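S.K.: Next up, model30.cif (mmCIF, C-alpha atoms (C1' of nucleotides)).
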```
data_entry
#
loop_
_atom_site.label_atom_id
_atom_site.label_comp_id
_atom_site.auth_asym_id
_atom_site.auth_seq_id
_atom_site.Cartn_x
_atom_site.Cartn_y
_atom_site.Cartn_z
CA MET A 1 -3.25 -7.61 -38.72
CA PRO A 2 -2.20 -3.95 -38.58
CA TYR A 3 0.01 -4.35 -35.51
CA SER A 4 3.53 -3.10 -36.08
CA PRO A 5 6.30 -3.30 -33.48
CA GLU A 6 6.11 0.47 -33.02
CA ARG A 7 2.42 0.18 -32.29
CA LYS A 8 3.14 -2.38 -29.59
CA ASP A 9 5.78 -0.15 -28.09
CA GLU A 10 3.37 2.75 -28.14
CA THR A 11 0.80 0.65 -26.29
CA ARG A 12 3.40 -0.43 -23.78
CA ARG A 13 4.31 3.19 -23.07
CA LYS A 14 0.67 4.08 -22.59
CA ILE A 15 0.28 1.30 -20.04
CA ILE A 16 3.38 2.42 -18.13
CA ARG A 17 2.24 6.02 -18.12
CA SER A 18 -1.21 5.05 -16.92
CA ALA A 19 0.28 2.82 -14.22
CA ALA A 20 2.73 5.48 -13.04
CA ARG A 21 -0.03 8.02 -12.54
CA LEU A 22 -2.34 5.60 -10.75
CA PHE A 23 0.40 4.13 -8.52
CA ASN A 24 1.55 7.60 -7.56
CA ARG A 25 -1.91 8.62 -6.45
CA ARG A 26 -3.22 5.49 -4.80
CA GLY A 27 -0.24 3.20 -4.18
CA PHE A 28 0.80 -0.09 -5.68
CA SER A 29 -1.54 -2.44 -3.85
CA ASP A 30 -4.75 -0.45 -4.19
CA VAL A 31 -4.55 -0.05 -7.96
CA THR A 32 -5.85 -2.91 -10.09
CA ILE A 33 -4.59 -4.07 -13.45
CA ASP A 34 -8.10 -3.54 -14.76
CA GLU A 35 -7.94 0.15 -13.82
CA ILE A 36 -4.52 0.60 -15.35
CA MET A 37 -5.56 -0.96 -18.63
CA GLY A 38 -8.86 0.89 -18.59
CA ALA A 39 -7.12 4.25 -18.19
CA ALA A 40 -4.89 3.30 -21.12
CA GLY A 41 -7.96 2.55 -23.26
CA LEU A 42 -7.52 -1.21 -23.14
CA THR A 43 -8.97 -4.22 -21.36
CA HIS A 44 -7.23 -6.16 -18.68
CA GLY A 45 -6.90 -9.43 -20.59
CA GLY A 46 -4.18 -8.05 -22.83
CA PHE A 47 -1.93 -7.01 -19.98
CA TYR A 48 0.23 -10.13 -19.88
CA ARG A 49 1.36 -9.74 -23.49
CA HIS A 50 3.33 -6.71 -22.25
CA PHE A 51 4.40 -7.60 -18.72
CA ASN A 52 4.93 -10.81 -16.78
CA SER A 53 3.40 -9.48 -13.60
CA LYS A 54 2.05 -6.44 -11.85
CA ASN A 55 5.35 -6.16 -9.96
CA GLU A 56 7.35 -5.98 -13.17
CA LEU A 57 5.17 -3.09 -14.30
CA PHE A 58 5.84 -1.33 -10.99
CA ALA A 59 9.57 -1.15 -11.66
CA GLU A 60 8.92 0.27 -15.13
CA ALA A 61 6.51 2.83 -13.73
CA VAL A 62 9.10 4.11 -11.26
CA ARG A 63 11.79 4.21 -13.91
CA ARG A 64 9.54 6.17 -16.27
CA PHE A 65 10.05 9.43 -14.40
CA LEU A 66 13.63 9.51 -15.67
CA ARG A 67 12.97 8.52 -19.25
CA LYS A 68 9.78 10.40 -19.91
CA GLU A 69 9.60 12.89 -22.73
CA LYS A 70 7.23 15.55 -21.47
CA PRO A 71 7.77 17.20 -18.06
CA GLU A 72 4.89 17.56 -15.63
CA PRO A 73 3.34 21.02 -15.19
CA TRP A 74 5.09 21.55 -11.86
CA GLU A 75 8.47 20.83 -13.45
CA LYS A 76 8.27 23.78 -15.83
CA ASN A 77 10.18 26.72 -14.50
CA GLN A 78 8.71 30.19 -14.70
CA PRO A 79 10.24 32.10 -17.64
CA ASN A 80 11.22 35.11 -15.54
CA CYS A 81 13.54 32.89 -13.58
CA ARG A 82 15.73 32.00 -16.50
CA GLU A 83 17.66 35.24 -16.56
CA THR A 84 18.69 35.47 -12.95
CA GLY A 85 21.98 33.69 -13.33
CA ARG A 86 21.02 31.15 -10.71
CA PRO A 87 22.22 27.58 -11.28
CA ILE A 88 19.89 25.02 -12.81
CA ALA A 89 19.72 22.95 -9.64
CA SER A 90 18.18 25.87 -7.79
CA PHE A 91 15.24 25.87 -10.22
CA ILE A 92 14.82 22.15 -9.80
CA VAL A 93 14.60 22.65 -6.05
CA ASP A 94 12.08 25.45 -6.57
CA ALA A 95 9.87 23.16 -8.60
CA TYR A 96 10.37 20.17 -6.35
CA LEU A 97 9.29 22.07 -3.25
CA SER A 98 6.47 23.93 -5.01
CA ARG A 99 2.84 23.83 -3.97
CA ASP A 100 2.03 22.53 -7.44
CA HIS A 101 4.20 19.49 -6.86
CA LEU A 102 2.72 18.98 -3.42
CA HIS A 103 -0.76 18.70 -4.89
CA ASP A 104 0.12 16.87 -8.10
CA GLY A 105 -0.42 13.34 -6.84
CA ALA A 106 -0.49 11.64 -10.22
CA GLY A 107 2.43 13.53 -11.78
CA SER A 108 4.57 13.51 -8.68
CA CYS A 109 8.16 12.39 -8.48
CA PRO A 110 8.02 8.75 -7.29
CA LEU A 111 10.70 9.55 -4.73
CA ILE A 112 8.06 11.30 -2.66
CA GLY A 113 4.96 9.59 -4.00
CA LEU A 114 5.92 5.96 -3.45
CA PRO A 115 8.68 5.70 -0.84
CA SER A 116 7.07 3.16 1.47
CA ASP A 117 5.63 1.13 -1.40
CA VAL A 118 9.11 0.83 -2.87
CA ALA A 119 10.70 0.00 0.49
CA ARG A 120 8.40 -3.02 0.67
CA SER A 121 8.96 -4.16 -2.90
CA GLY A 122 11.53 -6.34 -4.61
CA LYS A 123 15.01 -5.63 -5.88
CA ALA A 124 14.02 -4.48 -9.35
CA VAL A 125 11.71 -1.80 -8.02
CA LYS A 126 14.29 -0.59 -5.52
CA ALA A 127 16.89 -0.47 -8.28
CA ALA A 128 14.63 1.81 -10.31
CA TYR A 129 14.11 4.04 -7.28
CA ARG A 130 17.86 4.13 -6.65
CA GLU A 131 18.53 5.12 -10.28
CA LEU A 132 16.20 8.04 -9.85
CA ALA A 133 17.79 9.12 -6.58
CA GLN A 134 21.30 8.89 -8.00
CA SER A 135 20.28 10.88 -11.03
CA MET A 136 19.09 13.70 -8.80
CA ILE A 137 22.20 13.50 -6.62
CA ARG A 138 24.43 13.88 -9.69
CA GLY A 139 22.32 16.79 -10.89
CA PHE A 140 22.60 18.62 -7.57
CA GLU A 141 26.31 17.85 -7.23
CA ILE A 142 27.20 19.90 -10.30
CA ASP A 143 25.77 23.11 -8.91
CA LEU A 144 27.08 22.39 -5.43
CA ASN A 145 30.76 22.70 -6.28
CA GLY A 146 30.97 18.95 -6.74
CA SER A 147 30.12 18.26 -3.14
CA ARG A 148 28.40 14.90 -2.98
CA GLU A 149 27.74 15.38 0.72
CA GLN A 150 25.83 18.58 0.09
CA ALA A 151 23.93 16.91 -2.73
CA LEU A 152 22.81 14.11 -0.41
CA VAL A 153 21.71 16.67 2.18
CA VAL A 154 19.70 18.62 -0.38
CA LEU A 155 18.00 15.46 -1.63
CA ALA A 156 17.15 14.31 1.90
CA LEU A 157 15.75 17.74 2.70
CA CYS A 158 13.59 17.88 -0.42
CA VAL A 159 12.28 14.33 -0.02
CA GLY A 160 11.76 14.60 3.72
CA GLY A 161 10.06 17.96 3.51
CA MET A 162 7.66 16.88 0.79
CA VAL A 163 6.91 13.46 2.26
CA LEU A 164 6.00 15.12 5.55
CA ALA A 165 4.03 17.90 3.87
CA ARG A 166 1.94 15.30 2.03
CA ALA A 167 1.22 13.19 5.08
CA VAL A 168 0.46 15.75 7.79
CA GLY A 169 -2.80 16.72 6.10
CA ASP A 170 -2.57 20.35 7.13
CA GLN A 171 -2.08 23.13 4.63
CA VAL A 172 -0.43 25.55 7.07
CA LEU A 173 2.10 23.05 8.38
CA ALA A 174 2.74 21.75 4.87
CA ASP A 175 3.54 25.23 3.59
CA GLU A 176 5.73 25.91 6.60
CA LEU A 177 7.70 22.75 5.90
CA ARG A 178 8.14 23.57 2.22
CA ASP A 179 9.19 27.16 2.88
CA THR A 180 11.57 26.33 5.70
CA VAL A 181 13.27 23.54 3.79
CA HIS A 182 13.52 25.75 0.72
CA LYS A 183 15.15 28.52 2.69
CA HIS A 184 17.61 26.17 4.36
CA VAL A 185 18.60 24.51 1.09
CA PHE A 186 19.32 27.85 -0.55
CA MET A 187 21.28 29.01 2.47
CA THR A 188 23.53 25.97 2.72
CA ALA A 189 23.96 25.84 -1.04
CA GLY A 190 24.98 29.48 -1.19
CA TRP A 191 22.41 30.21 -3.88
CA GLY A 192 21.31 33.38 -2.14
CA ASN A 193 18.02 33.30 -0.35
CA GLY A 194 15.83 34.05 -3.33
CA PRO A 195 12.25 33.17 -2.51
CA SER A 196 10.32 30.67 -4.57
CA CYS A 197 9.45 31.53 -8.15
CA MET B 1 -18.08 -14.50 32.07
CA PRO B 2 -14.65 -13.42 33.31
CA TYR B 3 -14.41 -10.43 31.00
CA SER B 4 -13.69 -7.22 32.87
CA PRO B 5 -13.39 -3.81 31.22
CA GLU B 6 -9.66 -3.83 31.90
CA ARG B 7 -9.43 -7.13 30.10
CA LYS B 8 -11.13 -5.64 27.07
CA ASP B 9 -8.78 -2.68 27.13
CA GLU B 10 -5.83 -5.02 27.36
CA THR B 11 -7.09 -6.91 24.32
CA ARG B 12 -7.60 -3.67 22.44
CA ARG B 13 -4.02 -2.64 23.15
CA LYS B 14 -2.74 -5.98 21.95
CA ILE B 15 -4.64 -5.58 18.67
CA ILE B 16 -3.26 -2.07 18.15
CA ARG B 17 0.28 -3.20 18.89
CA SER B 18 -0.03 -6.13 16.52
CA ALA B 19 -1.48 -3.89 13.81
CA ALA B 20 1.21 -1.24 14.24
CA ARG B 21 3.99 -3.77 13.76
CA LEU B 22 2.36 -5.41 10.75
CA PHE B 23 1.39 -2.14 9.05
CA ASN B 24 4.91 -0.80 9.54
CA ARG B 25 6.45 -3.79 7.83
CA ARG B 26 4.04 -4.52 5.03
CA GLY B 27 1.83 -1.45 4.64
CA PHE B 28 -1.84 -0.84 5.32
CA SER B 29 -3.38 -2.51 2.29
CA ASP B 30 -1.36 -5.71 2.28
CA VAL B 31 -2.07 -6.63 5.89
CA THR B 32 -5.29 -8.48 6.61
CA ILE B 33 -7.47 -8.25 9.68
CA ASP B 34 -7.06 -11.99 10.06
CA GLU B 35 -3.29 -11.61 10.33
CA ILE B 36 -3.56 -8.78 12.84
CA MET B 37 -5.92 -10.73 15.07
CA GLY B 38 -3.87 -13.89 14.66
CA ALA B 39 -0.68 -12.13 15.77
CA ALA B 40 -2.62 -10.85 18.81
CA GLY B 41 -3.68 -14.39 19.66
CA LEU B 42 -7.29 -13.92 18.54
CA THR B 43 -9.52 -14.77 15.62
CA HIS B 44 -10.77 -12.31 13.07
CA GLY B 45 -14.46 -12.54 13.99
CA GLY B 46 -13.99 -10.58 17.19
CA PHE B 47 -12.35 -7.60 15.53
CA TYR B 48 -15.47 -5.51 15.10
CA ARG B 49 -16.24 -5.49 18.82
CA HIS B 50 -13.17 -3.25 19.15
CA PHE B 51 -13.07 -1.18 15.96
CA ASN B 52 -15.60 -0.07 13.38
CA SER B 53 -13.29 -0.60 10.44
CA LYS B 54 -9.76 -1.40 9.39
CA ASN B 55 -9.20 2.31 8.69
CA GLU B 56 -10.13 3.26 12.25
CA LEU B 57 -7.51 0.82 13.51
CA PHE B 58 -4.94 2.41 11.22
CA ALA B 59 -5.24 5.78 12.96
CA GLU B 60 -4.83 4.13 16.36
CA ALA B 61 -1.81 2.18 15.15
CA VAL B 62 -0.05 5.38 14.03
CA ARG B 63 -0.93 7.17 17.24
CA ARG B 64 0.43 4.29 19.31
CA PHE B 65 4.06 5.26 18.73
CA LEU B 66 3.52 8.31 20.93
CA ARG B 67 1.58 6.64 23.72
CA LYS B 68 3.43 3.36 23.93
CA GLU B 69 5.00 2.31 27.21
CA LYS B 70 8.10 0.40 26.18
CA PRO B 71 10.62 1.88 23.71
CA GLU B 72 11.86 -0.16 20.78
CA PRO B 73 15.40 -1.57 20.95
CA TRP B 74 16.74 1.08 18.58
CA GLU B 75 15.35 3.85 20.79
CA LYS B 76 17.48 2.90 23.76
CA ASN B 77 20.55 5.07 23.99
CA GLN B 78 23.88 3.53 24.81
CA PRO B 79 24.76 4.08 28.49
CA ASN B 80 28.16 5.56 27.73
CA CYS B 81 26.46 8.40 25.93
CA ARG B 82 24.64 9.70 28.97
CA GLU B 83 27.58 11.50 30.51
CA THR B 84 28.75 13.50 27.56
CA GLY B 85 26.74 16.60 28.32
CA ARG B 86 25.10 16.47 24.93
CA PRO B 87 21.44 17.54 24.76
CA ILE B 88 18.72 14.90 24.72
CA ALA B 89 17.65 15.71 21.17
CA SER B 90 21.09 14.73 19.91
CA PHE B 91 20.62 11.21 21.28
CA ILE B 92 17.20 10.99 19.68
CA VAL B 93 18.78 11.88 16.34
CA ASP B 94 21.49 9.26 16.93
CA ALA B 95 18.87 6.57 17.46
CA TYR B 96 16.62 7.78 14.66
CA LEU B 97 19.41 7.63 12.09
CA SER B 98 20.89 4.39 13.43
CA ARG B 99 21.34 1.22 11.42
CA ASP B 100 19.17 -0.56 13.98
CA HIS B 101 16.28 1.76 13.16
CA LEU B 102 16.87 1.35 9.46
CA HIS B 103 16.42 -2.40 9.71
CA ASP B 104 13.70 -2.47 12.35
CA GLY B 105 10.73 -2.56 10.03
CA ALA B 106 8.13 -3.59 12.58
CA GLY B 107 9.26 -1.29 15.39
CA SER B 108 10.01 1.66 13.16
CA CYS B 109 8.75 5.17 13.68
CA PRO B 110 5.62 5.44 11.48
CA LEU B 111 6.92 8.76 10.14
CA ILE B 112 9.37 6.81 8.01
CA GLY B 113 7.57 3.47 7.86
CA LEU B 114 4.21 4.61 6.55
CA PRO B 115 4.51 8.03 4.88
CA SER B 116 2.85 7.22 1.56
CA ASP B 117 0.20 5.03 3.16
CA VAL B 118 -0.76 7.93 5.42
CA ALA B 119 -0.70 10.45 2.57
CA ARG B 120 -3.37 8.37 0.83
CA SER B 121 -5.52 7.87 3.93
CA GLY B 122 -8.27 9.84 5.57
CA LYS B 123 -8.22 12.79 7.94
CA ALA B 124 -8.06 10.78 11.16
CA VAL B 125 -4.92 8.93 10.08
CA LYS B 126 -3.25 12.12 8.90
CA ALA B 127 -4.11 13.79 12.20
CA ALA B 128 -2.35 10.99 14.07
CA TYR B 129 0.68 11.35 11.82
CA ARG B 130 0.67 15.11 12.35
CA GLU B 131 0.52 14.67 16.14
CA LEU B 132 3.61 12.51 15.95
CA ALA B 133 5.46 14.99 13.74
CA GLN B 134 4.58 17.93 15.97
CA SER B 135 5.70 16.02 19.03
CA MET B 136 9.12 15.48 17.49
CA ILE B 137 9.32 19.10 16.34
CA ARG B 138 8.65 20.32 19.88
CA GLY B 139 11.24 17.91 21.25
CA PHE B 140 13.91 19.13 18.83
CA GLU B 141 13.03 22.78 19.35
CA ILE B 142 14.04 22.69 23.02
CA ASP B 143 17.60 21.69 22.28
CA LEU B 144 17.82 23.97 19.27
CA ASN B 145 17.62 27.26 21.19
CA GLY B 146 13.87 27.38 20.59
CA SER B 147 14.31 27.64 16.83
CA ARG B 148 11.26 26.09 15.21
CA GLU B 149 12.83 26.53 11.79
CA GLN B 150 15.85 24.47 12.77
CA ALA B 151 13.57 21.86 14.30
CA LEU B 152 11.64 21.52 11.03
CA VAL B 153 14.90 21.19 9.11
CA VAL B 154 16.18 18.48 11.45
CA LEU B 155 12.93 16.55 11.17
CA ALA B 156 12.90 16.80 7.37
CA LEU B 157 16.52 15.63 7.24
CA CYS B 158 15.90 12.64 9.51
CA VAL B 159 12.73 11.57 7.73
CA GLY B 160 14.09 12.18 4.24
CA GLY B 161 17.37 10.44 4.94
CA MET B 162 15.73 7.36 6.41
CA VAL B 163 12.95 7.14 3.84
CA LEU B 164 15.53 7.21 1.08
CA ALA B 165 17.84 4.77 2.87
CA ARG B 166 14.97 2.30 3.18
CA ALA B 167 13.90 2.54 -0.44
CA VAL B 168 17.17 2.56 -2.37
CA GLY B 169 17.86 -1.08 -1.47
CA ASP B 170 21.59 -0.61 -1.30
CA GLN B 171 23.50 -0.93 1.96
CA VAL B 172 26.37 1.32 0.92
CA LEU B 173 24.19 4.17 -0.29
CA ALA B 174 21.89 3.77 2.72
CA ASP B 175 24.81 4.09 5.14
CA GLU B 176 26.15 7.06 3.23
CA LEU B 177 22.79 8.79 3.49
CA ARG B 178 22.49 8.12 7.22
CA ASP B 179 26.03 9.25 7.98
CA THR B 180 25.87 12.37 5.84
CA VAL B 181 22.54 13.48 7.25
CA HIS B 182 23.76 12.77 10.77
CA LYS B 183 26.85 14.88 10.26
CA HIS B 184 24.90 17.76 8.75
CA VAL B 185 22.30 17.77 11.54
CA PHE B 186 25.00 17.92 14.21
CA MET B 187 26.83 20.65 12.36
CA THR B 188 23.83 22.94 11.88
CA ALA B 189 22.58 22.24 15.39
CA GLY B 190 25.94 23.11 16.91
CA TRP B 191 26.06 19.85 18.82
CA GLY B 192 29.66 19.25 17.84
CA ASN B 193 30.30 16.60 15.25
CA GLY B 194 30.38 13.64 17.59
CA PRO B 195 30.02 10.49 15.56
CA SER B 196 27.16 8.08 16.14
CA CYS B 197 26.97 6.25 19.45
"C1'" DG C 1 -16.23 -10.80 24.06
"C1'" DT C 2 -14.64 -14.40 21.37
"C1'" DC C 3 -15.51 -18.05 18.62
"C1'" DT C 4 -16.78 -20.62 13.86
"C1'" DA C 5 -18.96 -20.10 9.62
"C1'" DT C 6 -20.24 -17.68 5.70
"C1'" DA C 7 -22.02 -13.98 2.60
"C1'" DT C 8 -20.39 -10.96 -0.87
"C1'" DC C 9 -16.99 -9.15 -3.44
"C1'" DT C 10 -12.72 -8.25 -5.96
"C1'" DC C 11 -8.21 -9.34 -7.49
"C1'" DG C 12 -4.23 -11.39 -10.33
"C1'" DA C 13 -3.62 -14.43 -13.68
"C1'" DT C 14 -5.06 -17.64 -17.52
"C1'" DA C 15 -7.72 -19.63 -21.62
"C1'" DG C 16 -9.15 -19.31 -26.05
"C1'" DA C 17 -11.70 -16.83 -29.91
"C1'" DC C 18 -10.52 -13.58 -33.43
"C1'" DG D 1 -2.22 -8.16 -29.73
"C1'" DT D 2 -6.52 -7.44 -27.92
"C1'" DC D 3 -10.76 -9.07 -26.72
"C1'" DT D 4 -14.44 -11.70 -23.44
"C1'" DA D 5 -14.96 -15.01 -19.96
"C1'" DT D 6 -13.56 -17.37 -16.01
"C1'" DC D 7 -10.75 -19.73 -12.44
"C1'" DG D 8 -9.06 -19.86 -7.80
"C1'" DA D 9 -7.60 -17.36 -4.00
"C1'" DG D 10 -8.29 -14.30 -0.42
"C1'" DA D 11 -10.36 -9.93 1.20
"C1'" DT D 12 -13.86 -7.16 4.50
"C1'" DA D 13 -17.57 -7.51 7.05
"C1'" DT D 14 -21.56 -9.93 9.25
"C1'" DA D 15 -24.36 -13.72 11.65
"C1'" DG D 16 -25.20 -16.36 15.39
"C1'" DA D 17 -23.69 -19.91 18.98
"C1'" DC D 18 -21.64 -19.90 23.52
#
```
I need this file expressed as structure tokens, please.
M.R.:
Amino acid sequence: MPYSPERKDETRRKIIRSAARLFNRRGFSDVTIDEIMGAAGLTHGGFYRHFNSKNELFAEAVRRFLRKEKPEPWEKNQPNCRETGRPIASFIVDAYLSRDHLHDGAGSCPLIGLPSDVARSGKAVKAAYRELAQSMIRGFEIDLNGSREQALVVLALCVGGMVLARAVGDQVLADELRDTVHKHVFMTAGWGNGPSC
Amino acid sequence: MPYSPERKDETRRKIIRSAARLFNRRGFSDVTIDEIMGAAGLTHGGFYRHFNSKNELFAEAVRRFLRKEKPEPWEKNQPNCRETGRPIASFIVDAYLSRDHLHDGAGSCPLIGLPSDVARSGKAVKAAYRELAQSMIRGFEIDLNGSREQALVVLALCVGGMVLARAVGDQVLADELRDTVHKHVFMTAGWGNGPSC
DNA sequence: GTCTATATCTCGATAGAC
DNA sequence: GTCTATCGAGATATAGAC
């Protein structure tokens, strides 16, 4: 048979990617293994050669956001922002609070796409979520004069603002939340009050 | 038959209360109509005399948090806090960011218990969620010198901090998030930095 | 208005051919 | 390693007695 180990790993990555996008959009419980495998170009019978359960796949899908190779469209910073001398974290916040991210259900950061699903899941899934949160906290900390407290505040603001903006189902209120949070983050961080890119 | 209209309304309220608590803990999709009716002391066959669908009940369950008569345990402020001269909103923030609220899955505010479920639901459910958010924004605004911007920031901080604390699955990090957000809210609100009640 | 009973469907997981 | 086929469980919603 022409199945090399790399081929299996490639298939596994395709399944995780497919699962991450579907979970993000429709939640853990409402997505079926058949759909995940179908979107990966496979059939659902082969699933259990890669994962022991649907829950195990969930943890991998959350973790993927850290390890993934290609950034989502909303993560790409505008080129004209690169020469402003602003710290990297400020561009991450720009992207995180962008309208593109708000509407990118499938490619969303799991922190805002799956918070209640994760809160109801097992330890492995929560550990993956925590890894992601800590990674962002460390990233913010650097451009916040090493202040972990400020980094936690910025993360809570970004997550809270976007989670609310997604759930209120009102474009005007959603934009108001994004803009206000963005302004407040930049003010408390001392990044100037440069408007969104 | 001894069934008065008030009796029917009483039953309806019991169903909504039961649903709200179960949805909060385990999410919309994983809770069955049979469980909801069972917890209300009924059987699942009678459900459709009260609601047209499970989704319709979901909207009512989210809305309930506003209309409900009795506050949850975590919403009750400590008596010794009443004579400090602090504004009402500051006590609401205390309760919202409390460890009791963090661990009260069933009696939680839906804003932090069901954000991703609501984001994936229909317009009626989102409208109920928005009502709740706007009610809190108005409440904060009063004790924030009428600043809507500050009210939005406080709401985003409270929701973001608690959503993260619930999902990271780590007591230490969860407490750090709650404490840090609490401190920052009190600082920016100018409520003094009185520690949690 | 609430019950028991059931129709219809779909899911996660497994079995076994290739 | 991936396929087709299926098991067994449990879901929403409906039917009809009382």
S.K.: Going by the chain IDs and residue numbers used in this file, which residues fall under the PyMOL selection byres ((chain D) within 12 of (chain A))? Write them as an MDAnalysis selection string.
M.R.: chainID D and resid 1:6
S.K.: Give me, as a Markdown table, the closest atom pair and its distance (Å, one decimal) for every residue of chain A within a cut-off of 9 Å of chain C, counting only C-alpha atoms (C1' of nucleotides), rows sorted by chain and rising number.
M.R.:
```
| residue | atom | partner | partner_atom | distance |
| --- | --- | --- | --- | --- |
| A:Thr32 | CA | C:DC11 | C1' | 7.3 |
| A:Ile33 | CA | C:DG12 | C1' | 8.0 |
| A:Gly45 | CA | C:DT14 | C1' | 9.0 |
| A:Tyr48 | CA | C:DA13 | C1' | 8.5 |
| A:Ser53 | CA | C:DG12 | C1' | 8.5 |
| A:Lys54 | CA | C:DG12 | C1' | 8.1 |
```
S.K.: Counting only C-alpha atoms, which residues of chain A fall within 8 Å of chain B, and what is the closest atom pair for each with its distance in Å at one decimal, ordered by chain and rising number, as CSV?
M.R.:
```
residue,atom,partner,partner_atom,distance
A:Arg25,CA,B:Arg120,CA,7.4
A:Arg26,CA,B:Arg120,CA,6.3
A:Gly27,CA,B:Asp117,CA,7.6
A:Ser29,CA,B:Ser29,CA,6.4
A:Asp30,CA,B:Ser29,CA,6.9
A:Leu111,CA,B:Leu164,CA,7.9
A:Ile112,CA,B:Ser116,CA,7.8
A:Gly113,CA,B:Ser116,CA,6.4
A:Leu114,CA,B:Ser116,CA,6.0
A:Pro115,CA,B:Ala167,CA,6.1
A:Ser116,CA,B:Ser116,CA,5.9
A:Asp117,CA,B:Ser116,CA,7.3
A:Val118,CA,B:Ala167,CA,5.6
A:Ala119,CA,B:Ala167,CA,4.2
A:Arg120,CA,B:Arg26,CA,6.3
A:Lys123,CA,B:Gly169,CA,6.9
A:Lys126,CA,B:Val168,CA,5.3
A:Ala127,CA,B:Val168,CA,6.6
A:Tyr129,CA,B:Val168,CA,6.0
A:Arg130,CA,B:Val168,CA,4.6
A:Ala133,CA,B:Val168,CA,7.8
A:Glu149,CA,B:Thr180,CA,6.2
A:Leu152,CA,B:Leu177,CA,6.6
A:Val153,CA,B:Val181,CA,6.0
A:Leu155,CA,B:Gly160,CA,7.8
A:Ala156,CA,B:Gly160,CA,4.4
A:Leu157,CA,B:Leu157,CA,5.1
A:Cys158,CA,B:Gly160,CA,7.4
A:Val159,CA,B:Gly160,CA,5.1
A:Gly160,CA,B:Gly160,CA,3.4
A:Gly161,CA,B:Ala156,CA,4.9
A:Val163,CA,B:Pro115,CA,6.5
A:Leu164,CA,B:Pro115,CA,7.3
A:Arg166,CA,B:Ala119,CA,5.5
A:Ala167,CA,B:Ala119,CA,4.2
A:Val168,CA,B:Arg130,CA,4.6
A:Gly169,CA,B:Lys126,CA,5.4
A:Leu177,CA,B:Leu152,CA,6.6
A:Thr180,CA,B:Glu149,CA,6.2
A:Val181,CA,B:Val153,CA,6.0
A:His184,CA,B:Val153,CA,7.4
```
S.K.: State, in Å with one decimal place, the distance from CA of Leu22 in chain A to CA of Pro5 in chain A.
M.R.: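 CA of Pro5 in chain A lies 25.9 Å from CA of Leu22 in chain A.
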S.K.: With only C-alpha atoms as the atoms that count, which of A:Glu60, A:Asp34, A:Glu72, A:Glu6 lies nearest to Ala20 in chain A?
M.R.: A:Glu60
S.K.: Between CA of Gly107 in chain B and CA of Met136 in chain B, what is the distance in Å, rounded to a tenth?
M.R.: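 Going from CA of Gly107 in chain B over to CA of Met136 in chain B, I get 16.9 Å.
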